[in-house]
Structures are given as C-alpha cells and as structure tokens.
file upload15.txt (compact mmCIF, C-alpha atoms (C1' of nucleotides))
# COMPACT_ATOMS: atom_id res chain seq x y z
CA MET A 1 -104.91 -26.68 -133.26
CA GLY A 2 -101.15 -26.19 -133.01
CA LEU A 3 -101.94 -22.52 -132.59
CA THR A 4 -101.12 -20.63 -129.41
CA LYS A 5 -104.14 -18.94 -127.79
CA ALA A 6 -102.36 -15.61 -127.47
CA GLU A 7 -105.57 -13.71 -126.71
CA ILE A 8 -105.96 -15.19 -123.25
CA PHE A 9 -102.58 -13.92 -122.07
CA THR A 10 -101.28 -10.45 -121.33
CA GLU A 11 -99.26 -8.41 -123.78
CA LYS A 12 -96.21 -8.78 -121.58
CA GLN A 13 -96.53 -12.54 -121.32
CA ASN A 14 -96.82 -12.86 -125.07
CA LYS A 15 -93.87 -10.55 -125.67
CA LEU A 16 -91.64 -12.35 -123.21
CA ALA A 17 -92.55 -15.72 -124.69
CA GLN A 18 -91.74 -14.35 -128.12
CA MET A 19 -88.33 -13.18 -126.94
CA MET A 20 -87.63 -16.59 -125.48
CA LYS A 21 -88.74 -18.25 -128.70
CA ALA A 22 -86.38 -16.12 -130.74
CA LEU A 23 -83.50 -17.58 -128.73
CA ALA A 24 -84.97 -21.06 -128.37
CA HIS A 25 -82.74 -22.62 -130.99
CA PRO A 26 -79.03 -23.46 -130.71
CA ALA A 27 -78.33 -21.99 -134.16
CA ARG A 28 -79.75 -18.64 -133.13
CA ILE A 29 -77.87 -18.78 -129.84
CA ALA A 30 -74.70 -19.48 -131.83
CA ILE A 31 -75.40 -16.63 -134.23
CA ILE A 32 -75.83 -14.16 -131.38
CA GLN A 33 -72.71 -15.43 -129.63
CA HIS A 34 -70.73 -15.02 -132.82
CA LEU A 35 -72.05 -11.49 -133.24
CA LEU A 36 -71.10 -10.74 -129.65
CA LYS A 37 -67.56 -11.85 -130.36
CA ALA A 38 -67.14 -10.52 -133.86
CA GLN A 39 -69.14 -7.34 -133.26
CA ALA A 40 -70.39 -7.65 -136.83
CA CYS A 41 -70.12 -10.16 -139.62
CA ILE A 42 -71.58 -11.07 -142.96
CA CYS A 43 -74.03 -13.88 -143.55
CA GLY A 44 -71.43 -15.99 -145.34
CA ASP A 45 -69.23 -16.04 -142.25
CA LEU A 46 -72.05 -17.58 -140.25
CA VAL A 47 -72.65 -20.22 -142.91
CA GLU A 48 -69.03 -21.29 -142.52
CA GLU A 49 -68.93 -20.90 -138.74
CA LEU A 50 -72.01 -23.02 -138.09
CA GLY A 51 -72.47 -26.08 -140.28
CA LEU A 52 -75.83 -25.24 -141.74
CA ALA A 53 -76.90 -24.49 -145.29
CA GLN A 54 -77.08 -20.88 -146.41
CA ALA A 55 -80.85 -21.00 -146.74
CA THR A 56 -81.16 -22.23 -143.17
CA ILE A 57 -78.89 -19.54 -141.76
CA SER A 58 -80.77 -16.92 -143.70
CA GLN A 59 -84.00 -18.11 -142.16
CA HIS A 60 -82.63 -17.95 -138.62
CA LEU A 61 -81.27 -14.48 -139.30
CA LYS A 62 -84.70 -13.46 -140.47
CA GLU A 63 -86.29 -14.61 -137.21
CA LEU A 64 -83.75 -12.68 -135.19
CA LYS A 65 -84.37 -9.66 -137.38
CA THR A 66 -88.13 -10.01 -136.95
CA VAL A 67 -87.87 -9.58 -133.17
CA GLY A 68 -85.45 -6.73 -133.79
CA LEU A 69 -82.51 -8.32 -132.01
CA ILE A 70 -80.21 -7.93 -135.01
CA GLN A 71 -80.06 -5.70 -138.02
CA GLY A 72 -78.42 -6.11 -141.39
CA THR A 73 -77.05 -3.54 -143.76
CA ILE A 74 -76.31 -4.29 -147.36
CA GLU A 75 -72.68 -3.83 -148.35
CA GLY A 76 -72.36 -4.44 -152.01
CA THR A 77 -73.30 -8.04 -152.59
CA SER A 78 -72.99 -9.10 -148.98
CA VAL A 79 -75.03 -8.22 -145.90
CA CYS A 80 -73.44 -7.17 -142.64
CA TYR A 81 -75.26 -8.23 -139.49
CA CYS A 82 -74.94 -6.93 -135.97
CA ILE A 83 -76.82 -6.79 -132.70
CA ASP A 84 -79.14 -3.88 -132.03
CA PRO A 85 -77.95 -2.50 -128.69
CA LYS A 86 -81.31 -1.00 -127.80
CA VAL A 87 -83.29 -4.19 -128.32
CA TRP A 88 -80.56 -6.20 -126.63
CA LYS A 89 -80.96 -4.09 -123.51
CA GLN A 90 -84.73 -4.43 -123.70
CA PHE A 91 -84.38 -8.20 -123.80
CA ARG A 92 -82.01 -8.21 -120.88
CA ALA A 93 -84.29 -5.97 -118.86
CA ALA A 94 -87.34 -8.11 -119.61
CA PHE A 95 -85.52 -11.28 -118.64
CA ASP A 96 -84.26 -9.66 -115.46
CA THR A 97 -87.74 -8.53 -114.51
CA PHE A 98 -89.00 -12.02 -115.04
CA PHE A 99 -86.37 -13.67 -112.89
CA GLU A 100 -86.29 -11.07 -110.17
CA PRO A 101 -89.42 -11.67 -108.08
CA TYR A 102 -88.11 -14.83 -106.52
CA PHE A 103 -88.07 -14.62 -102.77
CA ASN A 104 -85.55 -17.17 -101.69
CA LYS A 105 -87.14 -20.09 -100.00
CA ASP A 106 -85.52 -23.46 -100.21
CA THR A 107 -88.56 -25.34 -99.03
CA CYS A 108 -91.30 -26.17 -101.39
CA CYS A 109 -94.54 -28.12 -101.37
CA MET B 1 -86.28 -32.47 -141.52
CA GLY B 2 -88.09 -30.49 -138.84
CA LEU B 3 -85.39 -31.80 -136.61
CA THR B 4 -82.78 -29.60 -134.98
CA LYS B 5 -79.19 -30.57 -135.80
CA ALA B 6 -78.14 -30.55 -132.17
CA GLU B 7 -74.89 -32.37 -132.86
CA ILE B 8 -73.27 -29.41 -134.59
CA PHE B 9 -73.66 -27.15 -131.57
CA THR B 10 -72.00 -27.12 -128.18
CA GLU B 11 -73.55 -28.63 -125.09
CA LYS B 12 -73.99 -25.17 -123.63
CA GLN B 13 -75.70 -23.80 -126.70
CA ASN B 14 -78.13 -26.70 -126.76
CA LYS B 15 -78.84 -26.38 -123.03
CA LEU B 16 -79.45 -22.66 -123.21
CA ALA B 17 -81.74 -23.07 -126.22
CA GLN B 18 -83.64 -25.73 -124.30
CA MET B 19 -84.09 -23.40 -121.33
CA MET B 20 -85.38 -20.69 -123.62
CA LYS B 21 -87.74 -23.13 -125.27
CA ALA B 22 -89.18 -24.16 -121.92
CA LEU B 23 -90.22 -20.56 -121.40
CA ALA B 24 -91.11 -19.84 -125.02
CA HIS B 25 -94.85 -20.05 -124.51
CA PRO B 26 -97.13 -17.52 -122.78
CA ALA B 27 -98.93 -20.27 -120.87
CA ARG B 28 -95.68 -21.47 -119.34
CA ILE B 29 -94.66 -17.89 -118.57
CA ALA B 30 -98.03 -17.42 -116.87
CA ILE B 31 -97.66 -20.66 -114.91
CA ILE B 32 -94.25 -19.62 -113.61
CA GLN B 33 -95.50 -16.15 -112.74
CA HIS B 34 -98.40 -17.62 -110.83
CA LEU B 35 -96.04 -19.93 -108.96
CA LEU B 36 -93.84 -16.96 -108.14
CA LYS B 37 -96.82 -15.18 -106.64
CA ALA B 38 -98.58 -18.08 -104.99
CA GLN B 39 -95.40 -19.84 -103.94
CA ALA B 40 -97.17 -23.11 -104.62
CA CYS B 41 -100.48 -24.19 -106.07
CA ILE B 42 -102.32 -27.19 -107.38
CA CYS B 43 -102.93 -27.98 -111.01
CA GLY B 44 -106.62 -27.14 -110.76
CA ASP B 45 -105.84 -23.57 -109.71
CA LEU B 46 -103.87 -23.06 -112.89
CA VAL B 47 -106.68 -24.45 -115.01
CA GLU B 48 -108.96 -21.79 -113.54
CA GLU B 49 -106.37 -19.02 -113.55
CA LEU B 50 -105.42 -19.45 -117.22
CA GLY B 51 -108.24 -20.24 -119.60
CA LEU B 52 -106.91 -23.48 -120.98
CA ALA B 53 -108.21 -27.02 -120.76
CA GLN B 54 -106.91 -29.27 -118.01
CA ALA B 55 -105.13 -31.53 -120.47
CA THR B 56 -103.33 -28.56 -121.97
CA ILE B 57 -102.20 -27.22 -118.60
CA SER B 58 -101.03 -30.67 -117.62
CA GLN B 59 -98.95 -30.83 -120.77
CA HIS B 60 -97.29 -27.47 -120.12
CA LEU B 61 -96.59 -28.50 -116.54
CA LYS B 62 -94.95 -31.62 -117.85
CA GLU B 63 -92.61 -29.60 -120.06
CA LEU B 64 -91.63 -27.37 -117.17
CA LYS B 65 -91.08 -30.45 -115.05
CA THR B 66 -88.95 -32.04 -117.77
CA VAL B 67 -86.43 -29.18 -117.67
CA GLY B 68 -86.58 -29.36 -113.88
CA LEU B 69 -87.89 -25.84 -113.40
CA ILE B 70 -90.84 -26.99 -111.31
CA GLN B 71 -91.67 -29.99 -109.21
CA GLY B 72 -94.93 -31.51 -108.11
CA THR B 73 -95.81 -33.47 -105.04
CA ILE B 74 -98.93 -35.54 -104.75
CA GLU B 75 -101.28 -34.46 -102.00
CA GLY B 76 -104.16 -36.82 -101.89
CA THR B 77 -105.98 -36.52 -105.16
CA SER B 78 -104.38 -33.22 -106.15
CA VAL B 79 -100.82 -32.32 -107.08
CA CYS B 80 -99.02 -29.34 -105.62
CA TYR B 81 -96.57 -27.57 -107.90
CA CYS B 82 -93.76 -25.21 -107.05
CA ILE B 83 -90.56 -23.80 -108.49
CA ASP B 84 -87.31 -25.62 -107.84
CA PRO B 85 -85.05 -22.92 -106.37
CA LYS B 86 -81.85 -24.61 -107.49
CA VAL B 87 -82.85 -24.92 -111.12
CA TRP B 88 -84.33 -21.45 -111.06
CA LYS B 89 -80.96 -20.05 -110.04
CA GLN B 90 -79.23 -22.12 -112.70
CA PHE B 91 -81.53 -20.65 -115.31
CA ARG B 92 -80.95 -17.14 -114.12
CA ALA B 93 -77.19 -17.65 -114.07
CA ALA B 94 -77.20 -19.10 -117.58
CA PHE B 95 -79.28 -16.25 -118.91
CA ASP B 96 -77.03 -13.73 -117.19
CA THR B 97 -73.93 -15.30 -118.66
CA PHE B 98 -75.47 -15.13 -122.08
CA PHE B 99 -76.41 -11.47 -121.86
CA GLU B 100 -73.29 -10.30 -120.09
CA PRO B 101 -70.59 -10.20 -122.78
CA TYR B 102 -72.02 -7.17 -124.51
CA PHE B 103 -69.53 -4.35 -124.63
CA ASN B 104 -71.58 -1.24 -125.05
CA LYS B 105 -71.25 0.20 -128.48
CA ASP B 106 -74.05 2.17 -129.96
CA THR B 107 -72.70 2.08 -133.44
CA CYS B 108 -73.19 -0.89 -135.62
CA CYS B 109 -72.50 -1.92 -139.19
C1' DT C 1 -118.52 -50.62 -102.09
C1' DT C 2 -119.89 -46.79 -104.94
C1' DA C 3 -119.50 -42.31 -106.65
C1' DA C 4 -116.89 -38.11 -107.16
C1' DT C 5 -112.68 -35.51 -107.73
C1' DT C 6 -108.13 -34.69 -109.51
C1' DG C 7 -104.73 -34.88 -112.69
C1' DA C 8 -101.93 -37.76 -116.09
C1' DT C 9 -102.07 -39.97 -120.49
C1' DT C 10 -103.59 -41.12 -125.11
C1' DG C 11 -105.17 -40.06 -129.52
C1' DT C 12 -106.22 -36.69 -132.95
C1' DA C 13 -106.33 -32.45 -135.70
C1' DA C 14 -104.32 -28.19 -136.92
C1' DT C 15 -100.50 -25.38 -137.22
C1' DA C 16 -95.45 -24.26 -136.63
C1' DT C 17 -90.64 -25.20 -137.06
C1' DT C 18 -86.43 -26.93 -139.08
C1' DG C 19 -83.57 -27.79 -142.91
C1' DC C 20 -82.35 -27.63 -147.58
C1' DG C 21 -82.37 -27.57 -152.78
C1' DA C 22 -83.59 -24.57 -156.33
C1' DT C 23 -84.33 -20.26 -157.90
C1' DG C 24 -84.27 -15.18 -158.08
C1' DA C 25 -82.49 -10.36 -157.39
C1' DA C 26 -78.73 -7.36 -156.80
C1' DT C 27 -74.19 -6.05 -157.08
C1' DA C 28 -69.24 -6.71 -158.43
C1' DA C 29 -65.72 -8.36 -161.58
C1' DG C 30 -64.17 -9.58 -166.22
C1' DC D 1 -72.68 -7.43 -171.75
C1' DT D 2 -71.49 -11.67 -169.35
C1' DT D 3 -70.31 -14.14 -165.42
C1' DA D 4 -69.61 -14.82 -160.54
C1' DT D 5 -70.81 -13.88 -155.82
C1' DT D 6 -73.89 -13.16 -152.11
C1' DC D 7 -77.96 -13.56 -149.89
C1' DA D 8 -83.21 -13.78 -149.77
C1' DT D 9 -87.19 -16.34 -150.94
C1' DC D 10 -90.03 -20.27 -152.38
C1' DG D 11 -91.44 -24.84 -152.05
C1' DC D 12 -91.00 -29.22 -150.14
C1' DA D 13 -90.52 -32.99 -146.61
C1' DA D 14 -90.01 -34.33 -141.97
C1' DT D 15 -90.73 -33.44 -137.38
C1' DA D 16 -92.48 -30.67 -133.37
C1' DT D 17 -95.86 -28.03 -130.93
C1' DT D 18 -100.37 -26.66 -129.31
C1' DA D 19 -104.89 -27.70 -127.82
C1' DC D 20 -108.49 -30.60 -126.46
C1' DA D 21 -111.87 -34.56 -125.83
C1' DA D 22 -111.88 -38.92 -124.01
C1' DT D 23 -110.19 -42.00 -120.99
C1' DC D 24 -107.51 -43.99 -117.13
C1' DA D 25 -105.51 -44.36 -112.37
C1' DA D 26 -105.50 -42.93 -107.77
C1' DT D 27 -107.48 -41.01 -103.94
C1' DT D 28 -111.28 -39.21 -101.15
C1' DA D 29 -116.13 -38.97 -99.69
C1' DA D 30 -120.54 -41.10 -99.10
call {"tool": "encode", "arguments": {"input": "upload15.txt", "output": "structure tokens"}}
result
Amino acid sequence: MGLTKAEIFTEKQNKLAQMMKALAHPARIAIIQHLLKAQACICGDLVEELGLAQATISQHLKELKTVGLIQGTIEGTSVCYCIDPKVWKQFRAAFDTFFEPYFNKDTCC
Amino acid sequence: MGLTKAEIFTEKQNKLAQMMKALAHPARIAIIQHLLKAQACICGDLVEELGLAQATISQHLKELKTVGLIQGTIEGTSVCYCIDPKVWKQFRAAFDTFFEPYFNKDTCC
DNA sequence: TTAATTGATTGTAATATTGCGATGAATAAG
DNA sequence: CTTATTCATCGCAATATTACAATCAATTAA
C-alpha cells in the first residue's frame, strides 16, 4: 500500500487534505512566508534564504505551483515567484470553514 | 535522505508544518469532522463511518493524538475520542496567524 | 473460568516524500 | 559563437507514510 484511498472520501475532504499537505513542510512554509514579506522573489533568493540545494527548492516550488498557491513568470534567465491572491483566499476560506463548526465545550469524554 | 532538515528552520515553521501534516490526510480530516459533529465517539464508530480497516483508523487516531488534537478515554472495552478544545484553538490561532499577513494586491510578478 | 468484544501494536508490502548531484534548456553577456 | 547564469528535470538513496492482516492486552458477558 502506501497509497491513500481517496475514493472513499468526499471531494472536499480530499481537497482540504491536499491543501494541508502542500503546507505540511517547513521549507514550503518558509517559502510562503518569504513571499508574503518580499511580495515576489526569484528562485535564487530562496536558495540563499533557506539552506537547501537549488534542486530541492525547485521541487518545493513545483509542489506549491501544482496546488496553485504560487505562480512563476520567467524573466530572462530567472523566474519570479509570487503568491496567487485568488488561491490564497480559497485556502484561507477552506481552512476557516474547517475550523469554524466548533461549538465551545470544555468538557469532553 | 527522505528526512526533513528540521534544524534549518525555525521552531514555529516546524510546528506549523507539523500541524498541517496532522491534517494532511482525508481520513484524518474525516475523523475530525465526525468528532465535530458527534462531539465524541468510540473508535468502532469511525471504523464503520469511514471505510478503512480498524488498524488503519487506530493509526490515524494515534497521529492525531500525538499532536494533541484529540484525546481518548478508556470506557470499559472501548475508547471514547474527542477533540481537545485547547489544542484546537491553538491550531486555529496558528493557522490564522499564518494566513493573516497578506496585504491584498491583485497584481503579481 | 471461558468466550467475546474492543482497540492497540507489530510486521509487512507498496507507494510517497525529501534531498541532492548531475544534467539539460533557455537566456544573457562577452 | 562561446561562456556564464538561472532554473527545471532526472535519477538515485534514504526515510516516511499508508493500509492491512495477525496478534496481543484488557475488559465484559456468559
């Protein structure tokens, strides 16, 4: 196995899990945080900022791009990355919806 | 390799990534959602609710317990699970803090 | 006591993830 | 044209994750 049984869950559950997974690595958290601060930056900046090899950064950027959270535009020989505002808001909304339905009760089983 | 280089990131980045990872699987999303609805339930209910084997559910419960998001109390031969309100709020606060610093700009690179 | 129920744990197989060196493609600089 | 720069991609090795059957421990029911 080692393969998630996606077919037994709802579309929403799979999507939300996928969003979480996209951010489930400190390097990707760090990349997003840097993009939040810098507004936009090239791949090389991230390689210096974090202490990971260029190939590794490129791979993390690809995962973030796959879920649509960031986008990159080629500028000559370098690539400029930035957060996609629309997808960012979608993420935030989905996370909010997930955390919302908690009716405050401090007692448990 | 296959091992995250946690030492090059901040405590906060590692913690947040860990929180995301705890929820980065549809089964664990589904478990939490069921606990939100049912308030509390035993392991066997989850095995029926989701279509996964008991051992698999038990493993996912363990991961959620490890990050403190849920707790289980033994009731005879069964175990009753519920969400820990304190940790739940911590999660929500951490997620909020992460998503907050986005100054709305619809133009990108 | 004996048998049944419940859930944790162990072991195993399959797949995914992480990280990086090496290489390749594209553009810029000389 | 040649070289340098920048980043993506490929391939590899190590580790992690997912899923489950089998088993174990604890409790309850008979």
call {"tool": "atom_distance", "arguments": {"input": "upload15.txt", "atom1": "atom CA of A:Lys37", "atom2": "atom CA of A:Val79"}}
result
17.6 Å
call {"tool": "calpha_fit_and_write", "arguments": {"input": "upload15.txt", "fixed": "chain A", "moving": "chain B", "output": "PDB file with C-alpha atoms, in the frame of the given file"}}
result
ATOM      1  CA  MET B   1    -105.049 -26.460-133.206  1.00  0.00           C
ATOM      2  CA  GLY B   2    -101.274 -26.112-133.135  1.00  0.00           C
ATOM      3  CA  LEU B   3    -102.016 -22.484-132.619  1.00  0.00           C
ATOM      4  CA  THR B   4    -101.188 -20.618-129.434  1.00  0.00           C
ATOM      5  CA  LYS B   5    -104.185 -18.948-127.781  1.00  0.00           C
ATOM      6  CA  ALA B   6    -102.413 -15.627-127.456  1.00  0.00           C
ATOM      7  CA  GLU B   7    -105.604 -13.738-126.680  1.00  0.00           C
ATOM      8  CA  ILE B   8    -105.984 -15.235-123.217  1.00  0.00           C
ATOM      9  CA  PHE B   9    -102.607 -13.960-122.055  1.00  0.00           C
ATOM     10  CA  THR B  10    -101.314 -10.493-121.306  1.00  0.00           C
ATOM     11  CA  GLU B  11     -99.312  -8.443-123.759  1.00  0.00           C
ATOM     12  CA  LYS B  12     -96.257  -8.811-121.561  1.00  0.00           C
ATOM     13  CA  GLN B  13     -96.557 -12.562-121.311  1.00  0.00           C
ATOM     14  CA  ASN B  14     -96.855 -12.886-125.069  1.00  0.00           C
ATOM     15  CA  LYS B  15     -93.903 -10.550-125.658  1.00  0.00           C
ATOM     16  CA  LEU B  16     -91.668 -12.349-123.206  1.00  0.00           C
ATOM     17  CA  ALA B  17     -92.583 -15.732-124.687  1.00  0.00           C
ATOM     18  CA  GLN B  18     -91.767 -14.350-128.121  1.00  0.00           C
ATOM     19  CA  MET B  19     -88.351 -13.170-126.940  1.00  0.00           C
ATOM     20  CA  MET B  20     -87.651 -16.580-125.480  1.00  0.00           C
ATOM     21  CA  LYS B  21     -88.757 -18.240-128.684  1.00  0.00           C
ATOM     22  CA  ALA B  22     -86.387 -16.105-130.729  1.00  0.00           C
ATOM     23  CA  LEU B  23     -83.535 -17.562-128.716  1.00  0.00           C
ATOM     24  CA  ALA B  24     -84.985 -21.055-128.377  1.00  0.00           C
ATOM     25  CA  HIS B  25     -82.747 -22.619-130.991  1.00  0.00           C
ATOM     26  CA  PRO B  26     -79.028 -23.445-130.709  1.00  0.00           C
ATOM     27  CA  ALA B  27     -78.321 -21.984-134.147  1.00  0.00           C
ATOM     28  CA  ARG B  28     -79.751 -18.630-133.123  1.00  0.00           C
ATOM     29  CA  ILE B  29     -77.864 -18.773-129.826  1.00  0.00           C
ATOM     30  CA  ALA B  30     -74.694 -19.475-131.806  1.00  0.00           C
ATOM     31  CA  ILE B  31     -75.396 -16.625-134.226  1.00  0.00           C
ATOM     32  CA  ILE B  32     -75.843 -14.160-131.375  1.00  0.00           C
ATOM     33  CA  GLN B  33     -72.723 -15.419-129.631  1.00  0.00           C
ATOM     34  CA  HIS B  34     -70.726 -15.012-132.803  1.00  0.00           C
ATOM     35  CA  LEU B  35     -72.058 -11.484-133.228  1.00  0.00           C
ATOM     36  CA  LEU B  36     -71.110 -10.732-129.641  1.00  0.00           C
ATOM     37  CA  LYS B  37     -67.567 -11.844-130.355  1.00  0.00           C
ATOM     38  CA  ALA B  38     -67.130 -10.505-133.855  1.00  0.00           C
ATOM     39  CA  GLN B  39     -69.134  -7.353-133.253  1.00  0.00           C
ATOM     40  CA  ALA B  40     -70.388  -7.658-136.806  1.00  0.00           C
ATOM     41  CA  CYS B  41     -70.113 -10.168-139.608  1.00  0.00           C
ATOM     42  CA  ILE B  42     -71.587 -11.087-142.937  1.00  0.00           C
ATOM     43  CA  CYS B  43     -74.016 -13.895-143.564  1.00  0.00           C
ATOM     44  CA  GLY B  44     -71.401 -16.006-145.323  1.00  0.00           C
ATOM     45  CA  ASP B  45     -69.210 -16.063-142.216  1.00  0.00           C
ATOM     46  CA  LEU B  46     -72.041 -17.595-140.243  1.00  0.00           C
ATOM     47  CA  VAL B  47     -72.635 -20.232-142.892  1.00  0.00           C
ATOM     48  CA  GLU B  48     -69.012 -21.303-142.485  1.00  0.00           C
ATOM     49  CA  GLU B  49     -68.916 -20.899-138.715  1.00  0.00           C
ATOM     50  CA  LEU B  50     -72.020 -23.020-138.062  1.00  0.00           C
ATOM     51  CA  GLY B  51     -72.449 -26.075-140.235  1.00  0.00           C
ATOM     52  CA  LEU B  52     -75.815 -25.243-141.703  1.00  0.00           C
ATOM     53  CA  ALA B  53     -76.892 -24.513-145.249  1.00  0.00           C
ATOM     54  CA  GLN B  54     -77.054 -20.912-146.399  1.00  0.00           C
ATOM     55  CA  ALA B  55     -80.824 -21.009-146.724  1.00  0.00           C
ATOM     56  CA  THR B  56     -81.148 -22.237-143.160  1.00  0.00           C
ATOM     57  CA  ILE B  57     -78.869 -19.542-141.755  1.00  0.00           C
ATOM     58  CA  SER B  58     -80.747 -16.928-143.722  1.00  0.00           C
ATOM     59  CA  GLN B  59     -83.982 -18.138-142.190  1.00  0.00           C
ATOM     60  CA  HIS B  60     -82.639 -17.947-138.636  1.00  0.00           C
ATOM     61  CA  LEU B  61     -81.280 -14.477-139.329  1.00  0.00           C
ATOM     62  CA  LYS B  62     -84.703 -13.467-140.512  1.00  0.00           C
ATOM     63  CA  GLU B  63     -86.291 -14.602-137.252  1.00  0.00           C
ATOM     64  CA  LEU B  64     -83.756 -12.672-135.219  1.00  0.00           C
ATOM     65  CA  LYS B  65     -84.366  -9.659-137.418  1.00  0.00           C
ATOM     66  CA  THR B  66     -88.128 -10.004-136.983  1.00  0.00           C
ATOM     67  CA  VAL B  67     -87.875  -9.586-133.201  1.00  0.00           C
ATOM     68  CA  GLY B  68     -85.459  -6.721-133.815  1.00  0.00           C
ATOM     69  CA  LEU B  69     -82.530  -8.327-132.032  1.00  0.00           C
ATOM     70  CA  ILE B  70     -80.216  -7.925-135.012  1.00  0.00           C
ATOM     71  CA  GLN B  71     -80.049  -5.704-138.035  1.00  0.00           C
ATOM     72  CA  GLY B  72     -78.403  -6.090-141.395  1.00  0.00           C
ATOM     73  CA  THR B  73     -77.021  -3.531-143.758  1.00  0.00           C
ATOM     74  CA  ILE B  74     -76.270  -4.261-147.364  1.00  0.00           C
ATOM     75  CA  GLU B  75     -72.646  -3.830-148.331  1.00  0.00           C
ATOM     76  CA  GLY B  76     -72.298  -4.463-151.986  1.00  0.00           C
ATOM     77  CA  THR B  77     -73.248  -8.043-152.599  1.00  0.00           C
ATOM     78  CA  SER B  78     -72.958  -9.110-148.965  1.00  0.00           C
ATOM     79  CA  VAL B  79     -74.993  -8.209-145.899  1.00  0.00           C
ATOM     80  CA  CYS B  80     -73.412  -7.191-142.626  1.00  0.00           C
ATOM     81  CA  TYR B  81     -75.241  -8.230-139.478  1.00  0.00           C
ATOM     82  CA  CYS B  82     -74.935  -6.906-135.965  1.00  0.00           C
ATOM     83  CA  ILE B  83     -76.825  -6.771-132.693  1.00  0.00           C
ATOM     84  CA  ASP B  84     -79.157  -3.864-132.051  1.00  0.00           C
ATOM     85  CA  PRO B  85     -77.970  -2.488-128.696  1.00  0.00           C
ATOM     86  CA  LYS B  86     -81.340  -1.000-127.810  1.00  0.00           C
ATOM     87  CA  VAL B  87     -83.296  -4.191-128.323  1.00  0.00           C
ATOM     88  CA  TRP B  88     -80.571  -6.190-126.645  1.00  0.00           C
ATOM     89  CA  LYS B  89     -80.981  -4.089-123.519  1.00  0.00           C
ATOM     90  CA  GLN B  90     -84.749  -4.433-123.711  1.00  0.00           C
ATOM     91  CA  PHE B  91     -84.380  -8.190-123.811  1.00  0.00           C
ATOM     92  CA  ARG B  92     -82.024  -8.228-120.892  1.00  0.00           C
ATOM     93  CA  ALA B  93     -84.305  -5.969-118.868  1.00  0.00           C
ATOM     94  CA  ALA B  94     -87.340  -8.124-119.623  1.00  0.00           C
ATOM     95  CA  PHE B  95     -85.519 -11.283-118.661  1.00  0.00           C
ATOM     96  CA  ASP B  96     -84.265  -9.658-115.474  1.00  0.00           C
ATOM     97  CA  THR B  97     -87.739  -8.533-114.526  1.00  0.00           C
ATOM     98  CA  PHE B  98     -89.008 -12.029-115.043  1.00  0.00           C
ATOM     99  CA  PHE B  99     -86.370 -13.682-112.890  1.00  0.00           C
ATOM    100  CA  GLU B 100     -86.288 -11.064-110.174  1.00  0.00           C
ATOM    101  CA  PRO B 101     -89.422 -11.681-108.092  1.00  0.00           C
ATOM    102  CA  TYR B 102     -88.112 -14.857-106.536  1.00  0.00           C
ATOM    103  CA  PHE B 103     -88.005 -14.608-102.782  1.00  0.00           C
ATOM    104  CA  ASN B 104     -85.476 -17.152-101.695  1.00  0.00           C
ATOM    105  CA  LYS B 105     -87.074 -20.097-100.045  1.00  0.00           C
ATOM    106  CA  ASP B 106     -85.437 -23.445-100.199  1.00  0.00           C
ATOM    107  CA  THR B 107     -88.450 -25.327 -99.050  1.00  0.00           C
ATOM    108  CA  CYS B 108     -91.197 -26.186-101.402  1.00  0.00           C
ATOM    109  CA  CYS B 109     -94.421 -28.158-101.382  1.00  0.00           C
TER     110      CYS B 109
END
call {"tool": "interface_residues", "arguments": {"input": "upload15.txt", "of": "chain A", "to": "chain B", "cutoff": "6 Å", "atoms": "all atoms listed in the file", "output": "PyMOL selection string"}}
result
chain A and resi 13-14+17+20-21+24-26
call {"tool": "closest_atom_pairs", "arguments": {"input": "upload15.txt", "of": "chain A", "to": "chain D", "cutoff": "8 Å", "atoms": "only C-alpha atoms (C1' of nucleotides)", "output": "JSON lines"}}
result
{"residue": "A:Met1", "atom": "CA", "partner": "D:DA19", "partner_atom": "C1'", "distance": 5.5}
{"residue": "A:Gly2", "atom": "CA", "partner": "D:DT18", "partner_atom": "C1'", "distance": 3.8}
{"residue": "A:Leu3", "atom": "CA", "partner": "D:DT18", "partner_atom": "C1'", "distance": 5.5}
{"residue": "A:Thr4", "atom": "CA", "partner": "D:DT18", "partner_atom": "C1'", "distance": 6.1}
{"residue": "A:Cys43", "atom": "CA", "partner": "D:DC7", "partner_atom": "C1'", "distance": 7.5}
{"residue": "A:Gly44", "atom": "CA", "partner": "D:DT6", "partner_atom": "C1'", "distance": 7.7}
{"residue": "A:Ser58", "atom": "CA", "partner": "D:DA8", "partner_atom": "C1'", "distance": 7.3}
{"residue": "A:Thr77", "atom": "CA", "partner": "D:DT6", "partner_atom": "C1'", "distance": 5.2}
{"residue": "A:Ser78", "atom": "CA", "partner": "D:DT6", "partner_atom": "C1'", "distance": 5.2}
{"residue": "A:Val79", "atom": "CA", "partner": "D:DC7", "partner_atom": "C1'", "distance": 7.3}
call {"tool": "atom_distance", "arguments": {"input": "upload15.txt", "atom1": "atom CA of B:Glu49", "atom2": "atom CA of B:Val87"}}
result
24.4 Å
call {"tool": "interface_residues", "arguments": {"input": "upload15.txt", "of": "chain C", "to": "chain A", "cutoff": "9 Å", "atoms": "all atoms listed in the file", "output": "PyMOL selection string"}}
result
chain C and resi 13-16+18-20+26-28
call {"tool": "axis_aligned_box", "arguments": {"input": "upload15.txt", "around": "stretch 29-45 of chain A", "padding_each_side": "3 Å", "output": "JSON"}}
result
{"center_x": -72.5, "center_y": -13.4, "center_z": -137.5, "size_x": 16.7, "size_y": 18.1, "size_z": 21.7}
call {"tool": "closest_residue", "arguments": {"input": "upload15.txt", "among": "B:Glu7, B:Leu64, B:Leu69, B:Val47", "to": "C:DG7", "atoms": "only C-alpha atoms (C1' of nucleotides)"}}
result
B:Val47
